[in-house]
Amino acid sequence: MDAIPVYKTKWKWLILGLGLSFLYLPILSLVIYSFNANRLVTVWSGFSTQWYGALFEDTLLMNGITLSLTIGFLSASAAVILGTLAAFVMTRFKKFRGETSFAFMITAPLVMPEVITGLSLLLLFISLGQVFDLFSQRGMLTIWIAHVTFCTAYVSVVVSSRLRELDKSIEEAAMDLGATPFKVFFVITLPTILPALVAGWLLAFTLSLDDLVIASFVSGPSATTLPMVVFSSVRLGVSPKINALATLIIAVVSVATFIAWWVMAKAEKRRMQELKTANAS
């Protein structure tokens, strides 16, 4: 086999380094300037952690963080349940009338502009508010419903792709041996698609935490999410507290991503070992 020319190897590492620098140098500079003693975020005046203390003393930011984390957790959990059910309908059920329309409606939020989605949901909640007092004041409930609406689409795509790769003969063999469909799901199917569920939950949580446009349409004065607070403050000038907040978010997301990768890698390794044992026997 011919050896790879040295100049090609050098170009490969150079392009890789430039790509990683383009992606991560801005994040690194943000982390560095979160420890800046100067209020001006672009003027370095020495190392200080004062902005982290100021961050936790900012009531508006802390309320936004609490609201966004709460909505993100509830939205991701509901989206995983609904997205998994939708994925099962699309991959496990036999052909039925309206199957194409159902699949289109589930995946429509993936390609729908956020402005259109937010405006549509706003008009929906206004109409519902005339009938039900629950929707007369927009707040945490309306934001949660809106986030579940578009997060479900992403989860259904992730889970359905995993279900299509799953060997149906294993489920059919379990049912032939007397297992009920519910037992097959919880004993065989659920452990197999667990990495996809974790990935879908993390994706939905990230999308909910990051959403600004849709939340701006469906929120009210009593509910201000973290992206809305950050966007409002940035328009008046970037505060070092925002850098500190972003640094903490990066740290938490990095740890969560590593844990999720470890769980999925461990589950995949266990699945491959079980397949090798089954094939050997």
# chains A, B, ... in the order shown; residues from 1 in each chain; ligands from 1
$ residues_around --residues "region 78-90 of chain A" --least-positions-apart "4" --cutoff "9 Å" --atoms "only C-alpha atoms" --output "PyMOL selection string"
chain A and resi 73-74+94-95+99+102-103+106+147-161+163+197-198+200-201+204
$ atom_distance --atom1 "CA of Phe56 (chain A)" --atom2 "CA of Ile145 (chain A)"
28.7 Å
$ atom_distance --atom1 "CA of Ala76 (chain A)" --atom2 "CA of Leu122 (chain A)"
21.0 Å
$ atom_distance --atom1 "CA of Gly129 (chain A)" --atom2 "CA of Ser216 (chain A)"
17.6 Å
$ residues_around --residues "region 62-67 of chain A" --least-positions-apart "4" --cutoff "7 Å" --atoms "only C-alpha atoms" --output "MDAnalysis selection string"
chainID A and resid 56 58 71 224:226 229
$ residues_around --residues "region 172-179 of chain A" --least-positions-apart "5" --cutoff "12 Å" --atoms "only C-alpha atoms" --output "compact mmCIF listing (two decimals) with C-alpha atoms, in the first residue's frame"
# COMPACT_ATOMS: atom_id res chain seq x y z
CA ARG A 92 -43.81 0.06 13.62
CA LEU A 166 -33.34 -2.18 15.11
CA ASP A 167 -33.78 -5.80 14.04
CA VAL A 184 -41.12 -6.50 24.63
CA PHE A 185 -40.95 -2.73 24.61
CA PHE A 186 -39.58 -2.34 28.14
CA VAL A 187 -37.24 -5.35 28.09
CA ILE A 188 -35.92 -5.32 24.51
CA THR A 189 -36.81 -2.17 22.59
$ select_by_dssp --residues "region 197-255 of chain A" --states "helix (DSSP H, G or I)" --output "ChimeraX atom specification"
/A:197-210,213-218,226-234,240-255
$ closest_residue --among "A:Ala146, A:Ala265, A:Ala251, A:Leu110" --to "Leu212 (chain A)" --atoms "only C-alpha atoms"
A:Ala146
$ closest_residue --among "A:Ala260, A:Ala37, A:Ile170, A:Leu121" --to "Pro195 (chain A)" --atoms "only C-alpha atoms"
A:Ala260
$ closest_residue --among "A:Glu274, A:Glu268, A:Gly139, A:Thr206" --to "Ile193 (chain A)" --atoms "only C-alpha atoms"
A:Glu268
